[in-house]
>>> print(open('coords_16.pdb').read())   # PDB, C-alpha atoms
ATOM      1  CA  MET D   1      -7.657  -3.228 -17.609  1.00  0.00           C
ATOM      2  CA  GLN D   2     -10.264  -3.574 -14.853  1.00  0.00           C
ATOM      3  CA  THR D   3     -13.149  -2.458 -17.047  1.00  0.00           C
ATOM      4  CA  ILE D   4     -12.301  -3.861 -20.487  1.00  0.00           C
ATOM      5  CA  GLN D   5      -9.523  -6.396 -21.111  1.00  0.00           C
ATOM      6  CA  GLN D   6      -9.428  -8.321 -17.851  1.00  0.00           C
ATOM      7  CA  LYS D   7     -12.761  -7.457 -16.303  1.00  0.00           C
ATOM      8  CA  HIS D   8     -13.339 -11.076 -15.273  1.00  0.00           C
ATOM      9  CA  TYR D   9     -10.414 -10.843 -12.814  1.00  0.00           C
ATOM     10  CA  PHE D  10     -12.135  -8.087 -10.894  1.00  0.00           C
ATOM     11  CA  VAL D  11     -15.737  -9.334 -10.810  1.00  0.00           C
ATOM     12  CA  GLN D  12     -16.910 -11.004  -7.620  1.00  0.00           C
ATOM     13  CA  PRO D  13     -18.720 -14.348  -7.807  1.00  0.00           C
ATOM     14  CA  ILE D  14     -22.514 -14.105  -8.236  1.00  0.00           C
ATOM     15  CA  ALA D  15     -23.369 -14.989  -4.629  1.00  0.00           C
ATOM     16  CA  ALA D  16     -20.992 -12.335  -3.346  1.00  0.00           C
ATOM     17  CA  GLN D  17     -22.387  -9.821  -5.840  1.00  0.00           C
ATOM     18  CA  LEU D  18     -25.950 -10.425  -4.652  1.00  0.00           C
ATOM     19  CA  HIS D  19     -24.868 -10.042  -1.025  1.00  0.00           C
ATOM     20  CA  HIS D  20     -22.907  -6.898  -1.921  1.00  0.00           C
ATOM     21  CA  GLN D  21     -25.882  -5.414  -3.818  1.00  0.00           C
ATOM     22  CA  ALA D  22     -28.168  -6.037  -0.835  1.00  0.00           C
ATOM     23  CA  GLY D  23     -25.701  -4.193   1.378  1.00  0.00           C
ATOM     24  CA  GLU D  24     -25.403  -1.381  -1.187  1.00  0.00           C
ATOM     25  CA  SER D  25     -29.155  -0.799  -1.286  1.00  0.00           C
ATOM     26  CA  SER D  26     -29.340  -0.579   2.500  1.00  0.00           C
ATOM     27  CA  ARG D  27     -26.388   1.857   2.574  1.00  0.00           C
ATOM     28  CA  ARG D  28     -27.462   3.929  -0.420  1.00  0.00           C
ATOM     29  CA  HIS D  29     -29.645   6.230   1.655  1.00  0.00           C
ATOM     30  CA  LEU D  30     -26.689   7.012   3.938  1.00  0.00           C
ATOM     31  CA  ASP D  31     -24.558   8.380   1.101  1.00  0.00           C
ATOM     32  CA  ASN D  32     -26.490  11.487   0.094  1.00  0.00           C
ATOM     33  CA  HIS D  33     -23.434  13.743   0.214  1.00  0.00           C
ATOM     34  CA  GLY D  34     -21.688  15.068  -2.850  1.00  0.00           C
ATOM     35  CA  VAL D  35     -18.109  15.415  -3.966  1.00  0.00           C
ATOM     36  CA  VAL D  36     -17.571  18.686  -2.091  1.00  0.00           C
ATOM     37  CA  TYR D  37     -18.587  17.088   1.216  1.00  0.00           C
ATOM     38  CA  HIS D  38     -16.311  14.082   0.681  1.00  0.00           C
ATOM     39  CA  THR D  39     -13.406  16.308  -0.361  1.00  0.00           C
ATOM     40  CA  LEU D  40     -13.814  18.438   2.761  1.00  0.00           C
ATOM     41  CA  MET D  41     -14.064  15.355   4.959  1.00  0.00           C
ATOM     42  CA  LEU D  42     -10.899  13.958   3.355  1.00  0.00           C
ATOM     43  CA  LEU D  43      -9.047  17.184   4.120  1.00  0.00           C
ATOM     44  CA  VAL D  44     -10.413  17.340   7.678  1.00  0.00           C
ATOM     45  CA  THR D  45      -9.403  13.770   8.447  1.00  0.00           C
ATOM     46  CA  ILE D  46      -6.020  13.801   6.719  1.00  0.00           C
ATOM     47  CA  THR D  47      -4.769  17.059   8.275  1.00  0.00           C
ATOM     48  CA  PRO D  48      -4.235  15.580  11.773  1.00  0.00           C
ATOM     49  CA  ILE D  49      -2.450  12.607  10.219  1.00  0.00           C
ATOM     50  CA  VAL D  50      -0.032  14.863   8.343  1.00  0.00           C
ATOM     51  CA  LEU D  51       0.601  16.993  11.432  1.00  0.00           C
ATOM     52  CA  LEU D  52       1.148  13.925  13.613  1.00  0.00           C
ATOM     53  CA  SER D  53       3.445  12.316  11.062  1.00  0.00           C
ATOM     54  CA  LYS D  54       5.872  15.224  11.330  1.00  0.00           C
ATOM     55  CA  LYS D  55       6.052  14.837  15.103  1.00  0.00           C
ATOM     56  CA  LEU D  56       6.308  11.054  14.815  1.00  0.00           C
ATOM     57  CA  GLY D  57       9.187  11.462  12.350  1.00  0.00           C
ATOM     58  CA  VAL D  58      11.134  13.535  14.888  1.00  0.00           C
ATOM     59  CA  ILE D  59      10.523  10.906  17.568  1.00  0.00           C
ATOM     60  CA  MET D  60      11.588   8.110  15.208  1.00  0.00           C
ATOM     61  CA  ASP D  61      14.784   9.945  14.226  1.00  0.00           C
ATOM     62  CA  PHE D  62      15.649  10.586  17.867  1.00  0.00           C
ATOM     63  CA  GLY D  63      14.923   6.973  18.828  1.00  0.00           C
ATOM     64  CA  THR D  64      17.019   5.463  16.044  1.00  0.00           C
ATOM     65  CA  VAL D  65      19.984   7.706  16.895  1.00  0.00           C
ATOM     66  CA  GLU D  66      19.737   7.105  20.661  1.00  0.00           C
ATOM     67  CA  LEU D  67      19.321   3.342  20.316  1.00  0.00           C
ATOM     68  CA  GLN D  68      21.958   3.202  17.546  1.00  0.00           C
ATOM     69  CA  LEU D  69      19.561   1.482  15.163  1.00  0.00           C
ATOM     70  CA  PRO D  70      19.796   1.625  11.372  1.00  0.00           C
ATOM     71  CA  VAL D  71      18.232   4.777   9.900  1.00  0.00           C
ATOM     72  CA  ALA D  72      16.172   2.673   7.466  1.00  0.00           C
ATOM     73  CA  LEU D  73      14.323   1.101  10.405  1.00  0.00           C
ATOM     74  CA  GLY D  74      12.563   4.401  11.126  1.00  0.00           C
ATOM     75  CA  GLY D  75      11.284   4.494   7.561  1.00  0.00           C
ATOM     76  CA  ILE D  76      10.046   0.917   7.810  1.00  0.00           C
ATOM     77  CA  ILE D  77       8.173   1.639  11.040  1.00  0.00           C
ATOM     78  CA  ILE D  78       6.541   4.764   9.566  1.00  0.00           C
ATOM     79  CA  ALA D  79       5.630   2.828   6.403  1.00  0.00           C
ATOM     80  CA  ALA D  80       4.124   0.051   8.533  1.00  0.00           C
ATOM     81  CA  ILE D  81       1.985   2.566  10.406  1.00  0.00           C
ATOM     82  CA  VAL D  82       0.829   4.188   7.161  1.00  0.00           C
ATOM     83  CA  LEU D  83       0.096   0.886   5.410  1.00  0.00           C
ATOM     84  CA  THR D  84      -1.635  -0.831   8.342  1.00  0.00           C
ATOM     85  CA  PRO D  85      -5.219   0.027   7.249  1.00  0.00           C
ATOM     86  CA  GLU D  86      -4.686  -1.347   3.734  1.00  0.00           C
ATOM     87  CA  GLY D  87      -2.854  -4.362   5.108  1.00  0.00           C
ATOM     88  CA  LEU D  88      -5.661  -5.205   7.518  1.00  0.00           C
ATOM     89  CA  ALA D  89      -8.279  -4.771   4.791  1.00  0.00           C
ATOM     90  CA  ALA D  90      -6.263  -7.044   2.476  1.00  0.00           C
ATOM     91  CA  LEU D  91      -5.921  -9.687   5.210  1.00  0.00           C
ATOM     92  CA  LYS D  92      -9.655  -9.517   5.917  1.00  0.00           C
ATOM     93  CA  ALA D  93     -10.448  -9.975   2.221  1.00  0.00           C
ATOM     94  CA  ALA D  94      -8.041 -12.915   1.961  1.00  0.00           C
ATOM     95  CA  ARG D  95      -9.529 -14.499   5.087  1.00  0.00           C
ATOM     96  CA  ASN D  96     -13.002 -14.185   3.482  1.00  0.00           C
ATOM     97  CA  ASN D  97     -11.671 -16.047   0.427  1.00  0.00           C
ATOM     98  CA  LYS D  98     -11.621 -12.905  -1.716  1.00  0.00           C
ATOM     99  CA  LEU D  99      -8.041 -13.196  -2.892  1.00  0.00           C
ATOM    100  CA  GLN D 100      -8.537 -10.950  -5.906  1.00  0.00           C
ATOM    101  CA  ARG D 101      -9.908  -8.165  -3.710  1.00  0.00           C
ATOM    102  CA  SER D 102      -6.946  -8.641  -1.379  1.00  0.00           C
ATOM    103  CA  ILE D 103      -4.500  -8.287  -4.263  1.00  0.00           C
ATOM    104  CA  ASN D 104      -6.390  -5.257  -5.604  1.00  0.00           C
ATOM    105  CA  ILE D 105      -6.137  -3.521  -2.213  1.00  0.00           C
ATOM    106  CA  CYS D 106      -2.402  -4.170  -2.043  1.00  0.00           C
ATOM    107  CA  LEU D 107      -1.860  -3.052  -5.636  1.00  0.00           C
ATOM    108  CA  GLY D 108      -3.901   0.092  -4.968  1.00  0.00           C
ATOM    109  CA  SER D 109      -1.719   0.888  -1.990  1.00  0.00           C
ATOM    110  CA  VAL D 110       1.431   0.429  -4.068  1.00  0.00           C
ATOM    111  CA  LEU D 111      -0.033   2.526  -6.868  1.00  0.00           C
ATOM    112  CA  ALA D 112      -0.805   5.329  -4.436  1.00  0.00           C
ATOM    113  CA  THR D 113       2.765   5.227  -3.143  1.00  0.00           C
ATOM    114  CA  ILE D 114       4.424   5.102  -6.537  1.00  0.00           C
ATOM    115  CA  GLY D 115       1.863   7.219  -8.366  1.00  0.00           C
ATOM    116  CA  LEU D 116       1.482   9.958  -5.752  1.00  0.00           C
ATOM    117  CA  THR D 117       4.339  10.001  -3.260  1.00  0.00           C
ATOM    118  CA  VAL D 118       7.270   9.633  -5.626  1.00  0.00           C
ATOM    119  CA  PRO D 119       6.098  12.360  -8.054  1.00  0.00           C
ATOM    120  CA  ALA D 120       5.295  14.653  -5.113  1.00  0.00           C
ATOM    121  CA  VAL D 121       8.779  14.186  -3.636  1.00  0.00           C
ATOM    122  CA  LEU D 122      10.403  14.719  -7.037  1.00  0.00           C
ATOM    123  CA  THR D 123       8.345  17.873  -7.651  1.00  0.00           C
ATOM    124  CA  ILE D 124       9.200  19.318  -4.259  1.00  0.00           C
ATOM    125  CA  SER D 125      12.882  18.512  -4.806  1.00  0.00           C
ATOM    126  CA  LEU D 126      12.814  20.364  -8.132  1.00  0.00           C
ATOM    127  CA  PHE D 127      11.311  23.488  -6.566  1.00  0.00           C
ATOM    128  CA  ALA D 128      13.596  23.278  -3.526  1.00  0.00           C
ATOM    129  CA  GLY D 129      16.675  22.661  -5.651  1.00  0.00           C
ATOM    130  CA  GLN D 130      17.573  19.533  -3.662  1.00  0.00           C
ATOM    131  CA  PRO D 131      18.705  16.391  -5.477  1.00  0.00           C
ATOM    132  CA  VAL D 132      16.871  13.142  -4.744  1.00  0.00           C
ATOM    133  CA  THR D 133      18.845   9.926  -4.476  1.00  0.00           C
ATOM    134  CA  LEU D 134      17.499   6.421  -4.073  1.00  0.00           C
ATOM    135  CA  GLY D 135      19.938   5.782  -1.241  1.00  0.00           C
ATOM    136  CA  LEU D 136      20.483   2.098  -1.926  1.00  0.00           C
ATOM    137  CA  GLY D 137      23.724   0.216  -2.016  1.00  0.00           C
ATOM    138  CA  PRO D 138      24.480  -2.663  -4.364  1.00  0.00           C
ATOM    139  CA  THR D 139      22.661  -5.182  -2.131  1.00  0.00           C
ATOM    140  CA  GLY D 140      19.514  -3.049  -2.005  1.00  0.00           C
ATOM    141  CA  ILE D 141      19.542  -2.600  -5.764  1.00  0.00           C
ATOM    142  CA  VAL D 142      19.818  -6.378  -6.263  1.00  0.00           C
ATOM    143  CA  LEU D 143      16.875  -6.891  -3.876  1.00  0.00           C
ATOM    144  CA  ILE D 144      14.774  -4.314  -5.758  1.00  0.00           C
ATOM    145  CA  ILE D 145      15.539  -5.967  -9.088  1.00  0.00           C
ATOM    146  CA  LEU D 146      14.641  -9.392  -7.645  1.00  0.00           C
ATOM    147  CA  THR D 147      11.429  -7.983  -6.177  1.00  0.00           C
ATOM    148  CA  LEU D 148      10.401  -6.311  -9.438  1.00  0.00           C
ATOM    149  CA  PHE D 149      11.192  -9.497 -11.368  1.00  0.00           C
ATOM    150  CA  SER D 150       9.164 -11.583  -8.893  1.00  0.00           C
ATOM    151  CA  ALA D 151       6.274  -9.105  -9.058  1.00  0.00           C
ATOM    152  CA  ALA D 152       6.294  -9.270 -12.857  1.00  0.00           C
ATOM    153  CA  LEU D 153       6.106 -13.066 -12.699  1.00  0.00           C
ATOM    154  CA  THR D 154       3.435 -13.011  -9.992  1.00  0.00           C
ATOM    155  CA  PHE D 155       1.104 -10.495 -11.584  1.00  0.00           C
ATOM    156  CA  GLY D 156       1.911 -11.377 -15.191  1.00  0.00           C
ATOM    157  CA  GLY D 157       0.332 -14.817 -14.865  1.00  0.00           C
ATOM    158  CA  THR D 158      -3.327 -15.729 -14.711  1.00  0.00           C
ATOM    159  CA  LYS D 159      -3.475 -16.638 -11.023  1.00  0.00           C
ATOM    160  CA  THR D 160      -1.425 -15.934  -7.943  1.00  0.00           C
ATOM    161  CA  SER D 161      -0.216 -18.895  -5.894  1.00  0.00           C
ATOM    162  CA  VAL D 162       0.912 -19.341  -2.311  1.00  0.00           C
ATOM    163  CA  LEU D 163       4.444 -20.126  -3.522  1.00  0.00           C
ATOM    164  CA  GLN D 164       4.678 -16.743  -5.248  1.00  0.00           C
ATOM    165  CA  GLY D 165       3.514 -15.049  -2.059  1.00  0.00           C
ATOM    166  CA  ALA D 166       6.142 -16.981  -0.106  1.00  0.00           C
ATOM    167  CA  VAL D 167       8.840 -15.725  -2.488  1.00  0.00           C
ATOM    168  CA  HIS D 168       7.732 -12.127  -1.870  1.00  0.00           C
ATOM    169  CA  LEU D 169       7.749 -12.687   1.893  1.00  0.00           C
ATOM    170  CA  ALA D 170      11.227 -14.245   1.697  1.00  0.00           C
ATOM    171  CA  LEU D 171      12.505 -11.203  -0.207  1.00  0.00           C
ATOM    172  CA  PHE D 172      10.947  -8.886   2.373  1.00  0.00           C
ATOM    173  CA  PHE D 173      12.481 -10.794   5.296  1.00  0.00           C
ATOM    174  CA  MET D 174      15.838 -10.735   3.513  1.00  0.00           C
ATOM    175  CA  TYR D 175      15.515  -6.946   3.237  1.00  0.00           C
ATOM    176  CA  LEU D 176      14.782  -6.705   6.972  1.00  0.00           C
ATOM    177  CA  ILE D 177      17.763  -8.879   7.820  1.00  0.00           C
ATOM    178  CA  LEU D 178      20.084  -6.864   5.599  1.00  0.00           C
ATOM    179  CA  ILE D 179      19.022  -3.626   7.323  1.00  0.00           C
ATOM    180  CA  PHE D 180      20.639  -4.877  10.529  1.00  0.00           C
ATOM    181  CA  ALA D 181      23.539  -6.759   8.936  1.00  0.00           C
ATOM    182  CA  PRO D 182      24.520  -5.097   5.656  1.00  0.00           C
TER     183      PRO D 182
END
>>> encode(input="coords_16.pdb", output="structure tokens")
Amino acid sequence: MQTIQQKHYFVQPIAAQLHHQAGESSRRHLDNHGVVYHTLMLLVTITPIVLLSKKLGVIMDFGTVELQLPVALGGIIIAAIVLTPEGLAALKAARNNKLQRSINICLGSVLATIGLTVPAVLTISLFAGQPVTLGLGPTGIVLIILTLFSAALTFGGTKTSVLQGAVHLALFFMYLILIFAP
């Protein structure tokens, strides 16, 4: 979609393109490394994150049990930590009046979660012989359906509006409220 049908949604305005190209030419000499180098660097930088996430998960589980907080809160906190870089980049793009870039960053983050995490968990569960359940009650299922419906309306149209964003935020805040008061 980004390269053929709806390319115009993903192209920056001409002034921004010229500024971006000037920055690219000045950075081009810095990127002389190949795919092997970048793959190794990805592995080197992601390994500490994976190792720390296991320890952080134990701390979160202990904290939620000791403070008698809902179990889902630990997952939300971990997700917030993981998604902070994309969220900050999306906010920066939106603040610079690059709404399409902001949406693309958020959609890329969602795609990585759905396209990588869910299949990985399902694959591991198949090999481990453990069933995977969504773990949502009727209220959570209604909120997911509402969110998917709202997302279809938001991203199915030609432009995204502030009102549509407010609807998504309202659904998210409702989810947070229902974690504490199911």
>>> axis_aligned_box(input="coords_16.pdb", around="stretch 118-124 of chain D", padding_each_side="6 Å", output="JSON")
{"center_x": 7.8, "center_y": 14.5, "center_z": -5.8, "size_x": 17.1, "size_y": 21.7, "size_z": 16.4}
>>> closest_residue(input="coords_16.pdb", among="D:Lys92, D:Gly157, D:Leu143, D:Asp61", to="D:Ile177", atoms="all atoms listed in the file")
D:Leu143
>>> atom_distance(input="coords_16.pdb", atom1="atom CA of D:Tyr37", atom2="atom CA of D:Ile105")
24.3 Å
>>> atom_distance(input="coords_16.pdb", atom1="atom CA of D:Ala93", atom2="atom CA of D:Ser109")
14.6 Å
>>> closest_residue(input="coords_16.pdb", among="D:Gly115, D:Leu42, D:Leu88, D:Leu171", to="D:Ser102", atoms="only C-alpha atoms")
D:Leu88
>>> atom_distance(input="coords_16.pdb", atom1="atom CA of D:Gly156", atom2="atom CA of D:Ile141")
21.8 Å
>>> closest_residue(input="coords_16.pdb", among="D:Ile81, D:Val167, D:Leu116, D:Ile103", to="D:Ile49", atoms="all atoms listed in the file")
D:Ile81
>>> decode(input="coords_16.pdb", residues="stretch 159-182 of chain D", atoms="N, CA, C and O atoms", output="JSON list (two decimals), in the first residue's frame")
[["chain", "number", "residue", "atom", "x", "y", "z"],
["D", 159, "LYS", "N", -8.56, 10.74, 6.02],
["D", 159, "LYS", "CA", -7.75, 11.48, 6.98],
["D", 159, "LYS", "C", -8.18, 11.14, 8.39],
["D", 159, "LYS", "O", -9.31, 10.78, 8.65],
["D", 160, "THR", "N", -7.24, 11.30, 9.31],
["D", 160, "THR", "CA", -7.52, 11.06, 10.72],
["D", 160, "THR", "C", -7.82, 12.39, 11.39],
["D", 160, "THR", "O", -7.14, 13.37, 11.13],
["D", 161, "SER", "N", -8.83, 12.42, 12.25],
["D", 161, "SER", "CA", -9.19, 13.67, 12.91],
["D", 161, "SER", "C", -8.90, 13.57, 14.42],
["D", 161, "SER", "O", -8.70, 12.49, 14.96],
["D", 162, "VAL", "N", -8.95, 14.71, 15.07],
["D", 162, "VAL", "CA", -8.74, 14.78, 16.50],
["D", 162, "VAL", "C", -9.85, 14.03, 17.23],
["D", 162, "VAL", "O", -9.61, 13.37, 18.24],
["D", 163, "LEU", "N", -11.07, 14.11, 16.73],
["D", 163, "LEU", "CA", -12.20, 13.43, 17.35],
["D", 163, "LEU", "C", -11.97, 11.92, 17.37],
["D", 163, "LEU", "O", -12.24, 11.25, 18.37],
["D", 164, "GLN", "N", -11.47, 11.38, 16.28],
["D", 164, "GLN", "CA", -11.19, 9.94, 16.23],
["D", 164, "GLN", "C", -10.12, 9.57, 17.25],
["D", 164, "GLN", "O", -10.21, 8.53, 17.91],
["D", 165, "GLY", "N", -9.10, 10.40, 17.38],
["D", 165, "GLY", "CA", -8.07, 10.16, 18.38],
["D", 165, "GLY", "C", -8.64, 10.22, 19.79],
["D", 165, "GLY", "O", -8.27, 9.42, 20.65],
["D", 166, "ALA", "N", -9.58, 11.15, 20.01],
["D", 166, "ALA", "CA", -10.21, 11.26, 21.33],
["D", 166, "ALA", "C", -11.03, 10.01, 21.65],
["D", 166, "ALA", "O", -11.06, 9.56, 22.80],
["D", 167, "VAL", "N", -11.67, 9.44, 20.65],
["D", 167, "VAL", "CA", -12.43, 8.20, 20.86],
["D", 167, "VAL", "C", -11.48, 7.07, 21.29],
["D", 167, "VAL", "O", -11.77, 6.32, 22.22],
["D", 168, "HIS", "N", -10.34, 6.97, 20.63],
["D", 168, "HIS", "CA", -9.36, 5.94, 21.00],
["D", 168, "HIS", "C", -8.83, 6.16, 22.42],
["D", 168, "HIS", "O", -8.67, 5.20, 23.18],
["D", 169, "LEU", "N", -8.56, 7.40, 22.77],
["D", 169, "LEU", "CA", -8.11, 7.70, 24.13],
["D", 169, "LEU", "C", -9.19, 7.36, 25.16],
["D", 169, "LEU", "O", -8.90, 6.83, 26.23],
["D", 170, "ALA", "N", -10.44, 7.67, 24.84],
["D", 170, "ALA", "CA", -11.54, 7.36, 25.75],
["D", 170, "ALA", "C", -11.66, 5.85, 25.97],
["D", 170, "ALA", "O", -11.86, 5.39, 27.10],
["D", 171, "LEU", "N", -11.50, 5.08, 24.89],
["D", 171, "LEU", "CA", -11.55, 3.62, 25.03],
["D", 171, "LEU", "C", -10.39, 3.11, 25.88],
["D", 171, "LEU", "O", -10.55, 2.22, 26.70],
["D", 172, "PHE", "N", -9.21, 3.71, 25.70],
["D", 172, "PHE", "CA", -8.05, 3.30, 26.49],
["D", 172, "PHE", "C", -8.25, 3.63, 27.96],
["D", 172, "PHE", "O", -7.98, 2.81, 28.83],
["D", 173, "PHE", "N", -8.75, 4.83, 28.26],
["D", 173, "PHE", "CA", -8.99, 5.20, 29.66],
["D", 173, "PHE", "C", -10.07, 4.33, 30.28],
["D", 173, "PHE", "O", -10.00, 3.99, 31.46],
["D", 174, "MET", "N", -11.05, 3.95, 29.48],
["D", 174, "MET", "CA", -12.10, 3.04, 29.98],
["D", 174, "MET", "C", -11.47, 1.69, 30.33],
["D", 174, "MET", "O", -11.81, 1.09, 31.36],
["D", 175, "TYR", "N", -10.55, 1.22, 29.51],
["D", 175, "TYR", "CA", -9.85, -0.04, 29.80],
["D", 175, "TYR", "C", -9.09, 0.08, 31.12],
["D", 175, "TYR", "O", -9.14, -0.82, 31.96],
["D", 176, "LEU", "N", -8.38, 1.19, 31.31],
["D", 176, "LEU", "CA", -7.63, 1.38, 32.55],
["D", 176, "LEU", "C", -8.55, 1.41, 33.77],
["D", 176, "LEU", "O", -8.24, 0.82, 34.81],
["D", 177, "ILE", "N", -9.67, 2.08, 33.64],
["D", 177, "ILE", "CA", -10.62, 2.14, 34.75],
["D", 177, "ILE", "C", -11.17, 0.76, 35.07],
["D", 177, "ILE", "O", -11.27, 0.37, 36.24],
["D", 178, "LEU", "N", -11.48, 0.00, 34.05],
["D", 178, "LEU", "CA", -12.07, -1.33, 34.26],
["D", 178, "LEU", "C", -11.06, -2.34, 34.80],
["D", 178, "LEU", "O", -11.46, -3.38, 35.32],
["D", 179, "ILE", "N", -9.77, -2.05, 34.70],
["D", 179, "ILE", "CA", -8.77, -2.93, 35.33],
["D", 179, "ILE", "C", -8.92, -2.87, 36.85],
["D", 179, "ILE", "O", -8.83, -3.89, 37.54],
["D", 180, "PHE", "N", -9.18, -1.68, 37.37],
["D", 180, "PHE", "CA", -9.28, -1.50, 38.82],
["D", 180, "PHE", "C", -10.68, -1.77, 39.34],
["D", 180, "PHE", "O", -10.86, -2.08, 40.51],
["D", 181, "ALA", "N", -11.70, -1.59, 38.51],
["D", 181, "ALA", "CA", -13.08, -1.80, 38.94],
["D", 181, "ALA", "C", -13.82, -2.61, 37.89],
["D", 181, "ALA", "O", -14.58, -2.07, 37.08],
["D", 182, "PRO", "N", -13.57, -3.93, 37.86],
["D", 182, "PRO", "CA", -14.22, -4.74, 36.82],
["D", 182, "PRO", "C", -15.66, -4.84, 37.02],
["D", 182, "PRO", "O", -16.61, -4.88, 36.96]]
